[in-house]
Amino acid sequence: MKIEKLPSGSYRIREMYKGKTYAIVTDYKPTQKEALKLLAGELDKEKSNGLRMSFSEAANKYIDVKSNVLSPSTINGYKGILRNLSDQFGNMNINDISTSDIQKEINDYSTGRSPKTVRNAHGFISAVLGMFRPELNIYTTLPQKQKKDEYIPSDDDVKRILKRAKGTIYEIPLLLATFGLRRSEICALTPEDLNGNKLTINKALVVNENGNFVTKSTKTTAGTRELFISDYLAELIRKNGKIYNKSPNQIYENLCKYQEELGIPHFKLHALRHYYASISHSLGIPDSYIMQAGGWKSDNTLKSVYRHAMDSKKEEMQEFAAQYITELTKE
């Protein structure tokens, strides 16, 4: 900070802050403490003038600024969160929002919504405030995560479903799901992505902010990958000349239909992706290869899947251990 006397007899205080020079002129020579107080007042004034916008306006500006780096589905999700926030919170001046205001909004928002949905909303609120109110320390109590005991289909479940789908337009997408592909990746694939037995996965079919399906590049670098598939599946794709060109929702709807017909426990299409991870793990394939094949960025999901490993495989391993110990007792 620099305090200098001007030819007029006044004094000018100058200070560089975040790449910008601030100057205040006084008719007396201020002390260091007085100069700091005057500069702080100038910063507060500028911040107040620069943040004359509601949270909703700031949120839309945040989305607009990041529109080229966020996926269409993420933008769609953010706009959905914004629509569901209370009018009171959305209309608040962003400079007036306190941590208690955020806590109250999250408390109200959590009514009738899952902990995951609430955490997503809080993450969005925090991101917006992080851009426009970086000095605000946010401490919010969030609902505890729900521990889900997700059903992972057995070998028999998968075999029966694939047999039921054989010869239908759903055979290829369901087979691809058992190879660890996401629904969005399956629906974006074309026969041109197949070279021999290798599939190049570098795009996804997602819903944009207008509710329309659009093809975009994969969300993460881990999602872009090559995957080796079976001879049968590769030939089936070449024979059909297409992979799947109907509504993405119909894949899951028909999976549910097959489950009801066959008396198989209900599970989502995404569970076939977890089946791939679980069966690969039981075959002794290293986690690094499973992560690469499935496009997982970290092993957190794999650890969760392994905790819910197929019952048949757990029993086989337990039986193997029991037999081994029995052999020891015979000596």
# chains A, B, ... in the order shown; residues from 1 in each chain; ligands from 1
>>> residues_around(residues="A:Ser98", least_positions_apart="4", cutoff="10 Å", atoms="only C-alpha atoms", output="number ranges by chain")
A: 94, 102-103, 136-138
>>> select_by_dssp(residues="stretch 84-247 of chain A", states="strand (DSSP E)", output="PyMOL selection string")
chain A and resi 194-195+198-201+203-207+213-217+225-228
>>> residues_around(residues="A:Phe213", least_positions_apart="3", cutoff="12 Å", atoms="only C-alpha atoms", output="ChimeraX atom specification")
/A:72-73,76,184,187-188,204-210,216,245-249
>>> closest_residue(among="A:Ile13, A:Leu302, A:Leu181, A:Ala121", to="A:Leu272", atoms="only C-alpha atoms")
A:Leu181
>>> residues_around(residues="A:Glu15", least_positions_apart="2", cutoff="6 Å", atoms="only C-alpha atoms", output="list in words")
Met1, Thr21 and Tyr22 of chain A
>>> write_last_selection(atoms="C-alpha atoms", output="short mmCIF file (atom, residue, chain, number, x, y, z; two decimals), in the first residue's frame")
data_model
loop_
_atom_site.label_atom_id
_atom_site.label_comp_id
_atom_site.auth_asym_id
_atom_site.auth_seq_id
_atom_site.Cartn_x
_atom_site.Cartn_y
_atom_site.Cartn_z
CA MET A 1 0.00 0.00 0.00
CA THR A 21 -5.28 -0.99 -8.63
CA TYR A 22 -7.55 0.77 -6.14
#
>>> atom_distance(atom1="atom CA of A:Asp64", atom2="atom CA of A:Ser126")
16.4 Å
>>> decode(residues="stretch 106-126 of chain A", atoms="N, CA and C atoms", output="PDB file, in the first residue's frame")
ATOM      1  N   ILE A 106     -31.799 -25.973   2.043  1.00  0.00           N
ATOM      2  CA  ILE A 106     -31.514 -27.405   1.914  1.00  0.00           C
ATOM      3  C   ILE A 106     -32.478 -28.221   2.777  1.00  0.00           C
ATOM      4  N   ASN A 107     -32.781 -27.730   3.977  1.00  0.00           N
ATOM      5  CA  ASN A 107     -33.754 -28.416   4.844  1.00  0.00           C
ATOM      6  C   ASN A 107     -35.104 -28.547   4.136  1.00  0.00           C
ATOM      7  N   ASP A 108     -35.565 -27.447   3.531  1.00  0.00           N
ATOM      8  CA  ASP A 108     -36.858 -27.467   2.834  1.00  0.00           C
ATOM      9  C   ASP A 108     -36.787 -28.328   1.578  1.00  0.00           C
ATOM     10  N   TYR A 109     -35.663 -28.248   0.877  1.00  0.00           N
ATOM     11  CA  TYR A 109     -35.499 -28.978  -0.385  1.00  0.00           C
ATOM     12  C   TYR A 109     -35.469 -30.492  -0.160  1.00  0.00           C
ATOM     13  N   SER A 110     -35.006 -30.903   1.006  1.00  0.00           N
ATOM     14  CA  SER A 110     -34.842 -32.343   1.278  1.00  0.00           C
ATOM     15  C   SER A 110     -36.163 -33.067   1.496  1.00  0.00           C
ATOM     16  N   THR A 111     -37.246 -32.319   1.711  1.00  0.00           N
ATOM     17  CA  THR A 111     -38.549 -32.953   1.940  1.00  0.00           C
ATOM     18  C   THR A 111     -38.992 -33.710   0.688  1.00  0.00           C
ATOM     19  N   GLY A 112     -39.131 -35.024   0.833  1.00  0.00           N
ATOM     20  CA  GLY A 112     -39.598 -35.849  -0.279  1.00  0.00           C
ATOM     21  C   GLY A 112     -38.556 -36.152  -1.329  1.00  0.00           C
ATOM     22  N   ARG A 113     -37.297 -35.805  -1.052  1.00  0.00           N
ATOM     23  CA  ARG A 113     -36.241 -36.066  -2.029  1.00  0.00           C
ATOM     24  C   ARG A 113     -35.158 -36.943  -1.408  1.00  0.00           C
ATOM     25  N   SER A 114     -34.485 -37.699  -2.248  1.00  0.00           N
ATOM     26  CA  SER A 114     -33.433 -38.603  -1.775  1.00  0.00           C
ATOM     27  C   SER A 114     -32.201 -37.815  -1.359  1.00  0.00           C
ATOM     28  N   PRO A 115     -31.382 -38.367  -0.459  1.00  0.00           N
ATOM     29  CA  PRO A 115     -30.138 -37.698  -0.065  1.00  0.00           C
ATOM     30  C   PRO A 115     -29.248 -37.350  -1.248  1.00  0.00           C
ATOM     31  N   LYS A 116     -29.208 -38.222  -2.253  1.00  0.00           N
ATOM     32  CA  LYS A 116     -28.371 -37.958  -3.428  1.00  0.00           C
ATOM     33  C   LYS A 116     -28.866 -36.727  -4.177  1.00  0.00           C
ATOM     34  N   THR A 117     -30.193 -36.613  -4.339  1.00  0.00           N
ATOM     35  CA  THR A 117     -30.776 -35.461  -5.028  1.00  0.00           C
ATOM     36  C   THR A 117     -30.475 -34.175  -4.272  1.00  0.00           C
ATOM     37  N   VAL A 118     -30.575 -34.240  -2.938  1.00  0.00           N
ATOM     38  CA  VAL A 118     -30.308 -33.070  -2.099  1.00  0.00           C
ATOM     39  C   VAL A 118     -28.837 -32.673  -2.203  1.00  0.00           C
ATOM     40  N   ARG A 119     -27.952 -33.655  -2.194  1.00  0.00           N
ATOM     41  CA  ARG A 119     -26.523 -33.363  -2.298  1.00  0.00           C
ATOM     42  C   ARG A 119     -26.176 -32.736  -3.652  1.00  0.00           C
ATOM     43  N   ASN A 120     -26.852 -33.189  -4.705  1.00  0.00           N
ATOM     44  CA  ASN A 120     -26.625 -32.591  -6.022  1.00  0.00           C
ATOM     45  C   ASN A 120     -27.047 -31.126  -6.033  1.00  0.00           C
ATOM     46  N   ALA A 121     -28.191 -30.841  -5.393  1.00  0.00           N
ATOM     47  CA  ALA A 121     -28.676 -29.465  -5.325  1.00  0.00           C
ATOM     48  C   ALA A 121     -27.715 -28.590  -4.531  1.00  0.00           C
ATOM     49  N   HIS A 122     -27.231 -29.120  -3.419  1.00  0.00           N
ATOM     50  CA  HIS A 122     -26.278 -28.361  -2.599  1.00  0.00           C
ATOM     51  C   HIS A 122     -24.978 -28.123  -3.358  1.00  0.00           C
ATOM     52  N   GLY A 123     -24.562 -29.110  -4.133  1.00  0.00           N
ATOM     53  CA  GLY A 123     -23.346 -28.947  -4.928  1.00  0.00           C
ATOM     54  C   GLY A 123     -23.489 -27.837  -5.949  1.00  0.00           C
ATOM     55  N   PHE A 124     -24.678 -27.729  -6.533  1.00  0.00           N
ATOM     56  CA  PHE A 124     -24.928 -26.667  -7.511  1.00  0.00           C
ATOM     57  C   PHE A 124     -24.941 -25.299  -6.845  1.00  0.00           C
ATOM     58  N   ILE A 125     -25.633 -25.200  -5.709  1.00  0.00           N
ATOM     59  CA  ILE A 125     -25.675 -23.936  -4.967  1.00  0.00           C
ATOM     60  C   ILE A 125     -24.264 -23.510  -4.580  1.00  0.00           C
ATOM     61  N   SER A 126     -23.471 -24.456  -4.098  1.00  0.00           N
ATOM     62  CA  SER A 126     -22.096 -24.157  -3.681  1.00  0.00           C
ATOM     63  C   SER A 126     -21.241 -23.699  -4.851  1.00  0.00           C
TER      64      SER A 126
END
